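For reference, query.cif is printed below; it contains mmCIF, C-alpha atoms and all ligand atoms.
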```cif
data_final
loop_
_atom_site.group_PDB
_atom_site.id
_atom_site.type_symbol
_atom_site.label_atom_id
_atom_site.label_comp_id
_atom_site.auth_asym_id
_atom_site.auth_seq_id
_atom_site.Cartn_x
_atom_site.Cartn_y
_atom_site.Cartn_z
ATOM 1 C CA MET A 100 8.312 61.082 6.132
ATOM 2 C CA TYR A 101 8.223 64.466 7.795
ATOM 3 C CA THR A 102 6.802 66.224 10.814
ATOM 4 C CA GLU A 103 4.570 69.300 10.984
ATOM 5 C CA SER A 104 7.474 71.764 10.947
ATOM 6 C CA THR A 105 8.518 70.605 7.458
ATOM 7 C CA VAL A 106 5.218 71.742 5.840
ATOM 8 C CA THR A 107 6.005 74.663 3.562
ATOM 9 C CA THR A 108 3.744 77.019 1.633
ATOM 10 C CA LYS A 109 3.511 76.505 -2.131
ATOM 11 C CA THR A 110 1.782 78.996 -4.366
ATOM 12 C CA ASN A 111 0.850 76.795 -7.318
ATOM 13 C CA LYS A 112 -2.380 74.869 -6.525
ATOM 14 C CA HIS A 113 -1.081 71.683 -8.206
ATOM 15 C CA ASP A 114 1.927 71.581 -5.907
ATOM 16 C CA ARG A 115 -0.032 71.927 -2.697
ATOM 17 C CA PRO A 116 -0.723 68.964 -0.418
ATOM 18 C CA ILE A 117 -3.959 67.068 0.107
ATOM 19 C CA ALA A 118 -5.019 67.128 3.779
ATOM 20 C CA VAL A 119 -6.535 64.030 5.361
ATOM 21 C CA PHE A 120 -8.324 64.373 8.698
ATOM 22 C CA ASP A 121 -9.637 61.893 11.252
ATOM 23 C CA SER A 122 -10.429 61.818 14.964
ATOM 24 C CA GLY A 123 -7.336 59.655 15.355
ATOM 25 C CA VAL A 124 -5.392 57.019 13.434
ATOM 26 C CA GLY A 125 -8.376 55.515 11.557
ATOM 27 C CA GLY A 126 -8.128 57.791 8.530
ATOM 28 C CA ILE A 127 -4.762 56.234 7.742
ATOM 29 C CA SER A 128 -6.792 53.410 6.132
ATOM 30 C CA ILE A 129 -8.055 56.069 3.675
ATOM 31 C CA LEU A 130 -4.642 57.719 3.332
ATOM 32 C CA ARG A 131 -3.198 54.378 2.201
ATOM 33 C CA GLU A 132 -5.798 54.124 -0.597
ATOM 34 C CA LEU A 133 -5.212 57.749 -1.599
ATOM 35 C CA LYS A 134 -1.473 57.200 -1.791
ATOM 36 C CA LYS A 135 -1.956 53.996 -3.808
ATOM 37 C CA LEU A 136 -4.058 55.863 -6.371
ATOM 38 C CA MET A 137 -2.031 59.105 -6.363
ATOM 39 C CA PRO A 138 1.569 58.237 -5.390
ATOM 40 C CA HIS A 139 2.935 61.492 -6.793
ATOM 41 C CA GLU A 140 0.741 63.742 -4.574
ATOM 42 C CA ASP A 141 1.872 65.199 -1.202
ATOM 43 C CA PHE A 142 -0.297 64.471 1.843
ATOM 44 C CA ILE A 143 -0.692 65.942 5.321
ATOM 45 C CA TYR A 144 -2.359 63.513 7.719
ATOM 46 C CA TYR A 145 -3.935 65.048 10.849
ATOM 47 C CA GLY A 146 -5.136 62.721 13.596
ATOM 48 C CA ASP A 147 -6.958 64.385 16.489
ATOM 49 C CA CYS A 148 -5.764 61.660 18.866
ATOM 50 C CA ALA A 149 -5.975 64.069 21.820
ATOM 51 C CA ASN A 150 -9.770 64.019 21.432
ATOM 52 C CA ALA A 151 -10.520 60.537 20.041
ATOM 53 C CA PRO A 152 -12.965 58.901 20.095
ATOM 54 C CA TYR A 153 -15.462 61.216 18.415
ATOM 55 C CA GLY A 154 -18.138 58.560 17.912
ATOM 56 C CA THR A 155 -19.494 58.728 21.448
ATOM 57 C CA LYS A 156 -19.338 62.538 21.844
ATOM 58 C CA SER A 157 -22.140 65.062 21.325
ATOM 59 C CA VAL A 158 -22.807 66.327 17.814
ATOM 60 C CA ASP A 159 -21.906 69.888 18.891
ATOM 61 C CA GLU A 160 -18.561 68.768 20.264
ATOM 62 C CA ILE A 161 -17.738 66.748 17.119
ATOM 63 C CA GLU A 162 -18.578 69.753 14.953
ATOM 64 C CA ARG A 163 -16.455 72.094 17.084
ATOM 65 C CA LEU A 164 -13.439 69.767 16.970
ATOM 66 C CA THR A 165 -13.756 69.055 13.239
ATOM 67 C CA LEU A 166 -14.118 72.741 12.311
ATOM 68 C CA SER A 167 -11.115 73.655 14.420
ATOM 69 C CA ALA A 168 -8.875 70.939 12.897
ATOM 70 C CA SER A 169 -10.093 71.815 9.387
ATOM 71 C CA LYS A 170 -9.183 75.479 9.908
ATOM 72 C CA HIS A 171 -5.723 74.465 11.097
ATOM 73 C CA LEU A 172 -5.283 72.368 7.929
ATOM 74 C CA TYR A 173 -6.776 74.930 5.548
ATOM 75 C CA GLU A 174 -4.233 77.470 6.791
ATOM 76 C CA LYS A 175 -1.484 75.140 5.585
ATOM 77 C CA ASP A 176 -2.322 76.033 2.017
ATOM 78 C CA ILE A 177 -3.896 72.733 1.023
ATOM 79 C CA LYS A 178 -5.655 72.010 -2.263
ATOM 80 C CA CYS A 179 -8.169 69.476 -0.957
ATOM 81 C CA LEU A 180 -9.509 68.275 2.396
ATOM 82 C CA VAL A 181 -10.477 64.639 2.907
ATOM 83 C CA ILE A 182 -12.606 64.078 6.003
ATOM 84 C CA ALA A 183 -11.480 60.478 6.508
ATOM 85 C CA CYS A 184 -13.945 59.964 9.335
ATOM 86 C CA ASN A 185 -17.481 58.645 8.900
ATOM 87 C CA THR A 186 -18.565 60.306 12.141
ATOM 88 C CA ALA A 187 -17.292 63.810 11.303
ATOM 89 C CA THR A 188 -18.598 63.475 7.723
ATOM 90 C CA ALA A 189 -22.077 62.571 8.957
ATOM 91 C CA VAL A 190 -22.103 65.471 11.425
ATOM 92 C CA CYS A 191 -20.643 68.402 9.502
ATOM 93 C CA ILE A 192 -19.497 67.838 5.902
ATOM 94 C CA SER A 193 -22.172 70.259 4.622
ATOM 95 C CA LYS A 194 -21.016 72.977 7.011
ATOM 96 C CA LEU A 195 -17.392 72.517 5.886
ATOM 97 C CA ARG A 196 -18.438 72.820 2.242
ATOM 98 C CA GLU A 197 -20.235 76.073 3.077
ATOM 99 C CA ILE A 198 -17.111 77.495 4.762
ATOM 100 C CA TYR A 199 -14.431 76.384 2.280
ATOM 101 C CA THR A 200 -15.696 76.932 -1.230
ATOM 102 C CA ASP A 201 -12.400 77.093 -3.127
ATOM 103 C CA ILE A 202 -11.191 73.534 -2.512
ATOM 104 C CA PRO A 203 -12.909 70.148 -2.790
ATOM 105 C CA ILE A 204 -14.029 68.695 0.543
ATOM 106 C CA ILE A 205 -14.390 64.928 0.347
ATOM 107 C CA GLY A 206 -16.202 62.841 2.954
ATOM 108 C CA VAL A 207 -16.530 59.141 3.664
ATOM 109 C CA GLU A 208 -19.711 57.182 4.321
ATOM 110 C CA PRO A 209 -20.375 53.532 5.212
ATOM 111 C CA ALA A 210 -20.010 51.418 2.042
ATOM 112 C CA LEU A 211 -23.645 50.316 2.038
ATOM 113 C CA LYS A 212 -24.155 50.790 -1.698
ATOM 114 C CA PRO A 213 -21.352 48.401 -2.799
ATOM 115 C CA ALA A 214 -22.452 45.864 -0.158
ATOM 116 C CA VAL A 215 -26.088 45.909 -1.341
ATOM 117 C CA ASN A 216 -25.021 45.750 -4.990
ATOM 118 C CA ALA A 217 -22.781 42.763 -4.332
ATOM 119 C CA LYS A 218 -25.276 40.944 -2.087
ATOM 120 C CA PRO A 219 -28.790 41.950 -3.227
ATOM 121 C CA GLY A 220 -31.419 40.911 -0.695
ATOM 122 C CA GLY A 221 -28.668 39.740 1.658
ATOM 123 C CA ASN A 222 -28.121 39.900 5.405
ATOM 124 C CA ILE A 223 -25.850 42.866 5.976
ATOM 125 C CA ILE A 224 -24.420 44.257 9.215
ATOM 126 C CA VAL A 225 -23.144 47.840 9.336
ATOM 127 C CA MET A 226 -20.503 48.367 12.025
ATOM 128 C CA ALA A 227 -20.071 52.072 12.860
ATOM 129 C CA THR A 228 -19.863 54.520 15.728
ATOM 130 C CA PRO A 229 -23.103 55.268 17.633
ATOM 131 C CA VAL A 230 -23.098 58.858 16.305
ATOM 132 C CA THR A 231 -22.713 57.856 12.623
ATOM 133 C CA LEU A 232 -25.685 55.487 12.827
ATOM 134 C CA HIS A 233 -27.949 58.172 14.306
ATOM 135 C CA GLN A 234 -27.235 60.923 11.804
ATOM 136 C CA GLU A 235 -29.644 61.997 9.067
ATOM 137 C CA LYS A 236 -26.945 61.266 6.479
ATOM 138 C CA PHE A 237 -26.822 57.569 7.378
ATOM 139 C CA ILE A 238 -30.596 57.280 7.745
ATOM 140 C CA SER A 239 -31.090 58.583 4.205
ATOM 141 C CA LEU A 240 -28.354 56.223 2.906
ATOM 142 C CA LEU A 241 -30.246 53.384 4.553
ATOM 143 C CA SER A 242 -33.567 54.359 3.002
ATOM 144 C CA LYS A 243 -31.907 54.717 -0.429
ATOM 145 C CA TYR A 244 -30.107 51.368 -0.528
ATOM 146 C CA GLY A 245 -31.507 49.299 2.303
ATOM 147 C CA GLU A 246 -34.998 48.632 1.002
ATOM 148 C CA HIS A 247 -34.501 45.130 -0.379
ATOM 149 C CA SER A 248 -31.864 43.861 2.037
ATOM 150 C CA LYS A 249 -31.908 42.902 5.700
ATOM 151 C CA ILE A 250 -29.664 45.524 7.217
ATOM 152 C CA VAL A 251 -28.717 45.592 10.880
ATOM 153 C CA MET A 252 -26.955 48.597 12.421
ATOM 154 C CA LEU A 253 -24.254 47.607 14.893
ATOM 155 C CA PRO A 254 -22.863 50.460 17.010
ATOM 156 C CA CYS A 255 -19.387 49.460 18.187
ATOM 157 C CA PRO A 256 -18.262 51.596 21.147
ATOM 158 C CA GLY A 257 -14.948 50.492 22.596
ATOM 159 C CA ILE A 258 -13.230 49.408 19.378
ATOM 160 C CA VAL A 259 -11.790 52.823 18.494
ATOM 161 C CA GLU A 260 -10.407 53.243 22.034
ATOM 162 C CA LEU A 261 -8.508 49.941 21.736
ATOM 163 C CA ILE A 262 -7.073 50.811 18.320
ATOM 164 C CA GLU A 263 -6.059 54.289 19.517
ATOM 165 C CA SER A 264 -4.195 52.676 22.404
ATOM 166 C CA GLY A 265 -2.139 50.709 19.881
ATOM 167 C CA GLU A 266 -4.054 47.414 19.787
ATOM 168 C CA THR A 267 -5.050 46.300 16.301
ATOM 169 C CA GLU A 268 -5.065 42.614 17.147
ATOM 170 C CA GLY A 269 -4.936 40.341 20.168
ATOM 171 C CA GLU A 270 -7.107 39.187 23.027
ATOM 172 C CA ASN A 271 -8.888 42.467 23.866
ATOM 173 C CA ILE A 272 -9.923 43.267 20.292
ATOM 174 C CA GLU A 273 -11.079 39.695 19.678
ATOM 175 C CA LYS A 274 -13.098 39.657 22.921
ATOM 176 C CA ARG A 275 -14.840 42.938 22.018
ATOM 177 C CA VAL A 276 -15.614 41.836 18.443
ATOM 178 C CA ARG A 277 -16.991 38.488 19.713
ATOM 179 C CA GLU A 278 -19.228 40.348 22.195
ATOM 180 C CA LEU A 279 -20.557 42.587 19.440
ATOM 181 C CA PHE A 280 -21.372 39.693 17.085
ATOM 182 C CA ALA A 281 -22.678 37.365 19.825
ATOM 183 C CA PRO A 282 -26.384 38.138 19.148
ATOM 184 C CA PHE A 283 -26.083 37.137 15.466
ATOM 185 C CA ASP A 284 -25.926 33.857 13.583
ATOM 186 C CA VAL A 285 -22.733 34.727 11.697
ATOM 187 C CA MET A 286 -23.179 31.771 9.330
ATOM 188 C CA LYS A 287 -26.205 33.565 7.842
ATOM 189 C CA LEU A 288 -24.354 36.839 7.193
ATOM 190 C CA ASP A 289 -23.642 37.889 3.602
ATOM 191 C CA ALA A 290 -21.740 41.115 4.187
ATOM 192 C CA VAL A 291 -20.306 43.314 6.926
ATOM 193 C CA VAL A 292 -19.749 47.007 6.254
ATOM 194 C CA LEU A 293 -16.808 48.537 8.128
ATOM 195 C CA GLY A 294 -18.467 51.946 8.606
ATOM 196 C CA CYS A 295 -15.660 53.560 10.584
ATOM 197 C CA THR A 296 -12.225 54.222 9.150
ATOM 198 C CA HIS A 297 -10.545 52.599 12.167
ATOM 199 C CA TYR A 298 -12.099 49.181 11.477
ATOM 200 C CA PRO A 299 -10.062 48.127 8.390
ATOM 201 C CA PHE A 300 -7.152 47.783 10.848
ATOM 202 C CA ILE A 301 -8.987 44.956 12.635
ATOM 203 C CA LYS A 302 -10.164 43.204 9.450
ATOM 204 C CA SER A 303 -8.422 39.926 10.235
ATOM 205 C CA THR A 304 -10.082 39.706 13.675
ATOM 206 C CA VAL A 305 -13.531 40.509 12.239
ATOM 207 C CA LEU A 306 -13.056 37.826 9.584
ATOM 208 C CA ARG A 307 -11.979 35.290 12.191
ATOM 209 C CA VAL A 308 -15.130 36.017 14.235
ATOM 210 C CA ILE A 309 -17.659 36.032 11.366
ATOM 211 C CA GLY A 310 -16.108 33.200 9.377
ATOM 212 C CA LYS A 311 -15.512 33.071 5.660
ATOM 213 C CA ASN A 312 -19.125 33.345 4.455
ATOM 214 C CA ALA A 313 -19.529 37.103 4.692
ATOM 215 C CA VAL A 314 -17.633 39.660 2.622
ATOM 216 C CA LEU A 315 -16.226 42.847 4.184
ATOM 217 C CA PHE A 316 -16.741 46.281 2.623
ATOM 218 C CA ASP A 317 -15.114 49.599 3.488
ATOM 219 C CA GLY A 318 -15.142 53.073 1.973
ATOM 220 C CA GLY A 319 -11.389 53.486 1.374
ATOM 221 C CA GLU A 320 -11.102 52.809 -2.335
ATOM 222 C CA GLY A 321 -14.296 54.705 -3.204
ATOM 223 C CA THR A 322 -13.130 57.754 -1.248
ATOM 224 C CA ALA A 323 -9.771 57.741 -3.025
ATOM 225 C CA ARG A 324 -11.471 57.518 -6.441
ATOM 226 C CA GLU A 325 -13.839 60.363 -5.535
ATOM 227 C CA THR A 326 -10.905 62.514 -4.360
ATOM 228 C CA LEU A 327 -9.076 62.051 -7.669
ATOM 229 C CA LYS A 328 -12.290 62.805 -9.574
ATOM 230 C CA GLN A 329 -12.793 66.074 -7.662
ATOM 231 C CA LEU A 330 -9.153 67.117 -8.105
ATOM 232 C CA ILE A 331 -9.561 66.673 -11.854
ATOM 233 C CA ILE A 332 -12.824 68.664 -11.863
ATOM 234 C CA TYR A 333 -11.103 71.530 -9.968
ATOM 235 C CA GLY A 334 -8.010 71.208 -12.187
ATOM 236 C CA TYR A 335 -5.802 70.732 -9.098
ATOM 237 C CA GLU A 336 -4.375 67.244 -9.735
ATOM 238 C CA ARG A 337 -0.681 66.743 -10.200
ATOM 239 C CA SER A 338 0.401 65.376 -13.519
ATOM 240 C CA PRO A 339 0.868 61.594 -13.285
ATOM 241 C CA SER A 340 3.948 62.120 -15.457
ATOM 242 C CA GLN A 341 5.522 63.511 -12.302
ATOM 243 C CA THR A 342 6.932 60.153 -11.305
ATOM 244 C CA ALA A 343 8.650 61.105 -8.032
ATOM 245 C CA ASP A 344 6.879 59.873 -4.910
ATOM 246 C CA GLY A 345 5.093 62.577 -2.932
ATOM 247 C CA GLU A 346 5.689 63.316 0.754
ATOM 248 C CA VAL A 347 3.514 62.241 3.666
ATOM 249 C CA VAL A 348 3.517 64.440 6.772
ATOM 250 C CA PHE A 349 1.891 63.152 9.965
ATOM 251 C CA ILE A 350 0.450 65.431 12.661
ATOM 252 C CA ASN A 351 -0.836 64.154 15.984
ATOM 253 C CA SER A 352 -2.861 66.635 18.062
ATOM 254 C CA SER A 353 -1.908 64.824 21.250
ATOM 255 C CA PRO A 354 1.143 66.342 22.921
ATOM 256 C CA THR A 355 1.795 63.055 24.720
ATOM 257 C CA LYS A 356 1.695 60.837 21.636
ATOM 258 C CA ASP A 357 4.200 61.002 18.796
ATOM 259 C CA THR A 358 3.518 59.959 15.207
ATOM 260 C CA SER A 359 5.334 56.600 15.288
ATOM 261 C CA PHE A 360 2.119 54.523 15.640
ATOM 262 C CA MET A 361 0.642 56.459 12.705
ATOM 263 C CA GLN A 362 3.682 55.658 10.575
ATOM 264 C CA LYS A 363 3.550 52.012 11.637
ATOM 265 C CA LEU A 364 -0.107 51.702 10.541
ATOM 266 C CA TYR A 365 0.633 53.522 7.298
ATOM 267 C CA LEU A 366 3.454 51.129 6.424
ATOM 268 C CA ALA A 367 1.779 47.907 7.678
ATOM 269 C CA GLN A 368 1.161 45.243 5.013
HETATM 270 N N1 LIG B 1 -12.655 56.935 12.440
HETATM 271 C C1 LIG B 1 -13.856 57.594 12.693
HETATM 272 C C2 LIG B 1 -15.015 57.139 11.830
HETATM 273 O O1 LIG B 1 -14.784 56.774 10.703
HETATM 274 C C3 LIG B 1 -14.233 58.006 14.082
HETATM 275 C C4 LIG B 1 -14.013 57.071 15.188
HETATM 276 C C5 LIG B 1 -14.178 57.765 16.540
HETATM 277 O O2 LIG B 1 -13.413 58.670 16.805
HETATM 278 O O3 LIG B 1 -15.083 57.374 17.271
HETATM 279 O O4 LIG B 1 -16.140 57.188 12.226
#
```

Would you put the structure from the file into structure tokens?
Amino acid sequence: MYTESTVTTKTNKHDRPIAVFDSGVGGISILRELKKLMPHEDFIYYGDCANAPYGTKSVDEIERLTLSASKHLYEKDIKCLVIACNTATAVCISKLREIYTDIPIIGVEPALKPAVNAKPGGNIIVMATPVTLHQEKFISLLSKYGEHSKIVMLPCPGIVELIESGETEGENIEKRVRELFAPFDVMKLDAVVLGCTHYPFIKSTVLRVIGKNAVLFDGGEGTARETLKQLIIYGYERSPSQTADGEVVFINSSPTKDTSFMQKLYLAQ
């Protein structure tokens, strides 16, 4: 693994890295799926930990921060940008696609479609940031897939802050998750959608709180598949015959935090 200073410019599009962006460490859950599907690609992971959480900020502020980080990444000669953040995707993916027309820009959205398909007519809870749940993008997803199911939106402020401070399990996370699910009869739940890329890191706690009846869904695998599909459409994918493992470079926008927690999450089983 490398740090920002080791990123070098490559002229051939195939050889360039794929950039993955999130407000903090959450997008590493997407990076792991990307790497699983495309081990021979190079990745630059950018976590805006200096400004996390995004999910409780104003839409204007989220857009400003996302555009600024995306510009920083685009200037590194990337061949694709993955917005591994449901909140930033909901706020400004269209704007990013208007600005950067020569590379695929992939977003992530709460995995409502797979949850509804797997549990038709079921009781489904969507955990996400307050901003994601209020955006037009999520509202139209809900009207497209939510018609025949009982879907409850569960904004989860506080969870991202705990994960960013290094807690992915333990007393504080469990207490917060129990508070959030307290109003519900968890025995009647069929599915829970992890609609924020930070939440897959607290999967075991969520499962302990909701019990074994409900199934968890997240957007990681679908986003990785979509990224590969777009790379093929653009003709930018690296040949799978290139068997050597690609590099992963981590960048943390926070001057007071290094990238060791990012690497720990990336390598966790
Ligand atoms: N990980 C992000 C998401 O998927 C944002 C969390 C935050 O910064 O509030 O929504």

(message) I'd like the interatomic distance between CA of Lys311 in chain A and CA of Tyr365 in chain A, to a tenth of an Å.
(response)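 Pair CA of Lys311 in chain A / CA of Tyr365 in chain A returns 26.1 Å.
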
(message) When you look at Val215 in chain A with a cut-off of 9 Å (counting all atoms listed in the file), what residues show up, excluding the ones that are within fewer than 4 positions of it in the same chain? I need them as JSON, numbers by chain.
(response) {"A": [210, 211, 219, 220, 221, 223, 244, 245, 247, 248, 290]}

(request) Translate the PyMOL selection byres (((chain A and resi 258-272) around 8) and not hetatm), as applied to the file shown, into an explicit residue set as a list in words. (result)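 Listing what the PyMOL selection byres (((chain A and resi 258-272) around 8) and not hetatm) selects in the shown file: Gly123, Val124, Cys148, Ala151, Pro152, Cys255, Pro256, Gly257, Glu273, Lys274, Arg275, Val276, His297, Tyr298, Phe300, Ile301, Thr304 and Phe360 of chain A.
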
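Interatomic distance, CA of Gly318 in chain A to CA of Thr296 in chain A: 7.8 Å.
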
Just need the box for range 162-179 of chain A, edges along x, y and z, holding every atom the file lists for it with 6 Å tacked onto each side, so centre and edge lengths in Å to one decimal, as JSON.
```
{"center_x": -10.0, "center_y": 73.3, "center_z": 7.4, "size_x": 29.1, "size_y": 20.4, "size_z": 31.3}
```

(message) One decimal, in Å: what's the spacing between CA of Ala187 in chain A and CA of Ile129 in chain A?
(response)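 Calculated distance between CA of Ala187 in chain A and CA of Ile129 in chain A is 14.3 Å.
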
(request) Identify which of the residues A:Glu235, A:Glu208, A:Asp201, A:Asp147 lies closest to Gln329 in chain A, counting all atoms listed in the file when measuring atom-to-atom distances. (result)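 Once distances to Gln329 in chain A are computed over all atoms listed in the file, the minimum belongs to A:Asp201.
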
(request) Compare A:Ala183, A:Val347, A:Ile238, A:Leu166 by their minimum atom-to-atom distance to Arg196 in chain A, counting only C-alpha atoms, and give me the closest one. (result)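 Using only C-alpha atoms, Arg196 in chain A sits closest to A:Leu166.
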
Skip Leu288 in chain A itself and residues of its chain fewer than 2 positions away, then list as an mmCIF file with C-alpha atoms, in the coordinates of the input all residues within 8 Å of it, counting all atoms listed in the file.
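What follows is the written file out.cif:
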```cif
data_model
loop_
_atom_site.group_PDB
_atom_site.id
_atom_site.type_symbol
_atom_site.label_atom_id
_atom_site.label_comp_id
_atom_site.auth_asym_id
_atom_site.auth_seq_id
_atom_site.Cartn_x
_atom_site.Cartn_y
_atom_site.Cartn_z
ATOM 1 C CA GLY A 221 -28.668 39.740 1.658
ATOM 2 C CA ASN A 222 -28.121 39.900 5.405
ATOM 3 C CA ILE A 223 -25.850 42.866 5.976
ATOM 4 C CA ILE A 224 -24.420 44.257 9.215
ATOM 5 C CA ASP A 284 -25.926 33.857 13.583
ATOM 6 C CA VAL A 285 -22.733 34.727 11.697
ATOM 7 C CA MET A 286 -23.179 31.771 9.330
ATOM 8 C CA ALA A 290 -21.740 41.115 4.187
ATOM 9 C CA VAL A 291 -20.306 43.314 6.926
ATOM 10 C CA ILE A 309 -17.659 36.032 11.366
ATOM 11 C CA ASN A 312 -19.125 33.345 4.455
ATOM 12 C CA ALA A 313 -19.529 37.103 4.692
#
```

(request) Determine the nearest neighbour of Gly294 in chain A from the options A:Pro229, A:Pro282, A:Pro203, A:Pro209, counting only C-alpha atoms. (result) A:Pro209

(message) So that I can check the surroundings of Thr326 in chain A, please list as a VMD selection string every protein, DNA and RNA residue that reaches within 8 Å of it, counting all atoms listed in the file and ignoring chain neighbours fewer than 5 positions away.
(response) chain A and resid 133 181 205

(request) Return the single residue from A:Ile332, A:Val251, A:Ile182, A:Ala281 that is closest to ligand LIG 1 (chain B), with distances computed using all atoms listed in the file. (result)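 Counting all atoms listed in the file, the residue closest to ligand LIG 1 (chain B) is A:Ile182.
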
(request) Compare A:Phe237, A:Tyr145, A:Phe316, A:Tyr173 by their minimum atom-to-atom distance to Ile198 in chain A, counting only C-alpha atoms, and give me the closest one. (result) A:Tyr173

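Here the PyMOL selection byres (((chain A and resi 111) around 12) and not hetatm) captures the residues A:Thr108, A:Lys109, A:Thr110, A:Lys112, A:His113, A:Asp114, A:Arg115, A:Pro116, A:Asp176, A:Ile177, A:Lys178, A:Gly334, A:Tyr335, A:Glu336, A:Arg337.
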
(request) Would you write out, as number ranges by chain, every residue that the PyMOL selection byres (((chain A and resi 320) around 9) and not hetatm) captures in this file? (result) A: 129, 132-133, 136, 317-319, 321-325
